[in-house]
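A short worksheet on the structure shown next.
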Amino acid sequence: MDTTIIKNNLSAFNKKSDLKRGLPSWAYTSDEFFDAESKTVFTNNWVFAGFVHEFKDPGDAIPITVAGQPIILLQNMDGKINAFHNACSHRCLKLIDESCNVGAMLSCPYHSWTYNLDGDLCATPFFGGREHQPEGFNMSEHGLQAVRTAIWNDWIFINLSGEAQDFEEYAKPLINNFKDIDFQIVEPIATLDFGEIDTNWKFLMENFIEPYHVQFVHRTTTNQPLEDHYTIVDGVCVGSAIDLDDKDKVEGSLSVSSRYLTLFPNFIIGRYFPDQIGVYLNVPIDSGHTLQKRVIYTTDGNPVSDQSIEEIKKLWWDVHKEDHAICQRMQLGRLSSVSKDGGLLSPFWEDSVRAFQQMIADSVTK
């Protein structure tokens, strides 16, 4: 979509007013807008792509899709996880279709071009006829195309353009919220795989960012009064938080001090005091569908019983299903003509949502 067209359709969003409107409906329903996001938001920024703990051995490979492009996350012989474009240098065949261990070498199933775990091209059988390499062919120039990668604790980020700010500097507003945690003892204890959600990826982000809905949508699963919440807007880190006393804790309900934080564009991390973190991986499929899973971590190094893990999983499954139902109805609401100008945002509870949406608008109009 041409940036001029996008700017023209953001007139209501950009209107100077004390009461701001959200992004227009087509930002959530249009394949053209989704394509614009792929070429900007998910190409130029640090995108959350996966979890380190899912890699156990050298040769472990996980195929992912970012900005519509096939990517491989691959662990090398030294245990380092790198990212490469998931395409053979010969005829650009997609090399990996599903998670697997490729062994010491990654071989293309079409013509057996073979790469080591660092992406270097090692074999090109009969590419030059009876000779394996034609005259003037330099193997070192035809390895897998690397993608810039950064790892923060258990979380893998990639930058397709290769031009994003240094990750540690970019993510500083978020990282500063976790300086007191010893990540050497943080351990994943459960994964909730929600599969495909019938909603635009931005609705899942926005829903997590704002506290306004909590006491209404989660009245049976949480005990966090709205009046005790506050929003957080700190550059590319936006979200909300609540501070509660131990006396406020209610068993079987989310009723602890919490930080609901995001890193633009798609990283979500929740901190639940005193000893839990939850991280969401949101993978946009198209304008109306998103894959989502959540990994739950303990932060104090103490063992957690199987019964406690099952209770934690049930609580978060129930909370997420409440959120998913709302986000799916948000998506359906965008089919109404009254949503053309985006609806209204609370200047108090949804300024963090507005900040996220502004980053979207700025990205797609540059």
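In the structure tokens, the first chain shown is A, the next is B, and so on; residue numbers restart at 1 for each chain, and ligands run from 1 in the order shown.
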Kindly provide the residues of stretch 208-259 of chain A that approach stretch 349-358 of chain A to within 9 Å, each paired with its closest atom pair and their distance in Å to one decimal, based on only C-alpha atoms, listed by chain and increasing number, as a Markdown table.
```
| residue | atom | partner | partner_atom | distance |
| --- | --- | --- | --- | --- |
| A:Ile209 | CA | A:Val353 | CA | 6.3 |
| A:Glu210 | CA | A:Glu350 | CA | 5.7 |
| A:Pro211 | CA | A:Trp349 | CA | 6.5 |
| A:Tyr212 | CA | A:Trp349 | CA | 5.7 |
| A:His229 | CA | A:Trp349 | CA | 8.7 |
| A:Tyr230 | CA | A:Trp349 | CA | 7.4 |
| A:Thr231 | CA | A:Ser352 | CA | 6.3 |
| A:Ile232 | CA | A:Ser352 | CA | 6.4 |
| A:Val233 | CA | A:Ser352 | CA | 5.6 |
| A:Gly235 | CA | A:Ala355 | CA | 8.4 |
| A:Val236 | CA | A:Phe356 | CA | 7.9 |
| A:Cys237 | CA | A:Phe356 | CA | 8.8 |
| A:Val238 | CA | A:Ser352 | CA | 5.6 |
| A:Gly239 | CA | A:Ser352 | CA | 5.8 |
| A:Ser240 | CA | A:Ser352 | CA | 7.6 |
```
Only N, CA and C atoms, please: the residues just picked out, written as a PDB file, in the first residue's frame.
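Ended up saving to selection31.pdb:
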```
ATOM      1  N   ILE A 209      -1.611  -4.639  26.736  1.00  0.00           N
ATOM      2  CA  ILE A 209      -1.035  -3.364  27.150  1.00  0.00           C
ATOM      3  C   ILE A 209      -1.937  -2.583  28.099  1.00  0.00           C
ATOM      4  N   GLU A 210      -3.261  -2.627  27.885  1.00  0.00           N
ATOM      5  CA  GLU A 210      -4.146  -1.748  28.664  1.00  0.00           C
ATOM      6  C   GLU A 210      -4.805  -2.469  29.829  1.00  0.00           C
ATOM      7  N   PRO A 211      -4.946  -1.806  30.980  1.00  0.00           N
ATOM      8  CA  PRO A 211      -5.563  -2.411  32.157  1.00  0.00           C
ATOM      9  C   PRO A 211      -7.071  -2.194  32.262  1.00  0.00           C
ATOM     10  N   TYR A 212      -7.620  -1.384  31.378  1.00  0.00           N
ATOM     11  CA  TYR A 212      -9.012  -0.953  31.470  1.00  0.00           C
ATOM     12  C   TYR A 212      -9.991  -2.134  31.507  1.00  0.00           C
ATOM     13  N   HIS A 229      -4.340   0.123  39.130  1.00  0.00           N
ATOM     14  CA  HIS A 229      -3.471   0.006  37.965  1.00  0.00           C
ATOM     15  C   HIS A 229      -2.924   1.372  37.545  1.00  0.00           C
ATOM     16  N   TYR A 230      -1.847   1.325  36.783  1.00  0.00           N
ATOM     17  CA  TYR A 230      -1.338   2.523  36.113  1.00  0.00           C
ATOM     18  C   TYR A 230      -0.665   2.093  34.820  1.00  0.00           C
ATOM     19  N   THR A 231      -0.583   2.999  33.867  1.00  0.00           N
ATOM     20  CA  THR A 231       0.001   2.667  32.571  1.00  0.00           C
ATOM     21  C   THR A 231       1.488   3.018  32.540  1.00  0.00           C
ATOM     22  N   ILE A 232       2.190   2.392  31.599  1.00  0.00           N
ATOM     23  CA  ILE A 232       3.628   2.618  31.416  1.00  0.00           C
ATOM     24  C   ILE A 232       3.872   2.958  29.948  1.00  0.00           C
ATOM     25  N   VAL A 233       4.488   4.096  29.707  1.00  0.00           N
ATOM     26  CA  VAL A 233       4.887   4.498  28.366  1.00  0.00           C
ATOM     27  C   VAL A 233       6.337   4.962  28.443  1.00  0.00           C
ATOM     28  N   GLY A 235       9.189   4.904  25.722  1.00  0.00           N
ATOM     29  CA  GLY A 235       9.750   4.628  24.408  1.00  0.00           C
ATOM     30  C   GLY A 235       9.101   3.410  23.780  1.00  0.00           C
ATOM     31  N   VAL A 236       9.931   2.426  23.383  1.00  0.00           N
ATOM     32  CA  VAL A 236       9.416   1.221  22.728  1.00  0.00           C
ATOM     33  C   VAL A 236       8.866   0.208  23.729  1.00  0.00           C
ATOM     34  N   CYS A 237       8.910   0.523  25.016  1.00  0.00           N
ATOM     35  CA  CYS A 237       8.345  -0.325  26.058  1.00  0.00           C
ATOM     36  C   CYS A 237       7.072   0.327  26.576  1.00  0.00           C
ATOM     37  N   VAL A 238       5.922  -0.295  26.314  1.00  0.00           N
ATOM     38  CA  VAL A 238       4.648   0.238  26.796  1.00  0.00           C
ATOM     39  C   VAL A 238       3.848  -0.884  27.443  1.00  0.00           C
ATOM     40  N   GLY A 239       2.986  -0.507  28.396  1.00  0.00           N
ATOM     41  CA  GLY A 239       2.180  -1.502  29.079  1.00  0.00           C
ATOM     42  C   GLY A 239       1.471  -0.907  30.265  1.00  0.00           C
ATOM     43  N   SER A 240       1.338  -1.717  31.318  1.00  0.00           N
ATOM     44  CA  SER A 240       0.679  -1.255  32.534  1.00  0.00           C
ATOM     45  C   SER A 240       1.223  -2.037  33.717  1.00  0.00           C
TER      46      SER A 240
END
```
* Looking only at the backbone, which of the residues in stretch 186-254 of chain A does DSSP tag as helix (DSSP H, G or I), as an MDAnalysis selection string? -> chainID A and resid 201:209 214:217 226:228 246:248
Residue neighbourhood A:Val147, 7 Å, only C-alpha atoms, exclusion window fewer than 4 positions, as a PDB file with C-alpha atoms, in the first residue's frame:
```pdb
ATOM      1  CA  ALA A  83      19.055 -17.286  11.979  1.00  0.00           C
ATOM      2  CA  PHE A  84      19.208 -17.768   8.213  1.00  0.00           C
ATOM      3  CA  HIS A  85      16.860 -17.250   5.326  1.00  0.00           C
ATOM      4  CA  ILE A 158      15.813 -11.124  14.681  1.00  0.00           C
ATOM      5  CA  ASN A 159      16.151  -8.018  12.508  1.00  0.00           C
ATOM      6  CA  LEU A 160      15.589  -8.668   8.812  1.00  0.00           C
TER       7      LEU A 160
END
```
* Asked: Leaving out stretch 270-275 of chain A and any residue of its chain fewer than 6 positions from it, which residues lie within 8 Å of it when counting only C-alpha atoms, given as a PyMOL selection string?
  -> chain A and resi 256-261+298-300
* To do: Could you give me, as a PyMOL selection string, the residues within 10 Å of A:Leu95, counting only C-alpha atoms and dropping anything in the same chain fewer than 2 positions from it?
  => chain A and resi 63+70-72+85-88+92-93+97-98+106-110
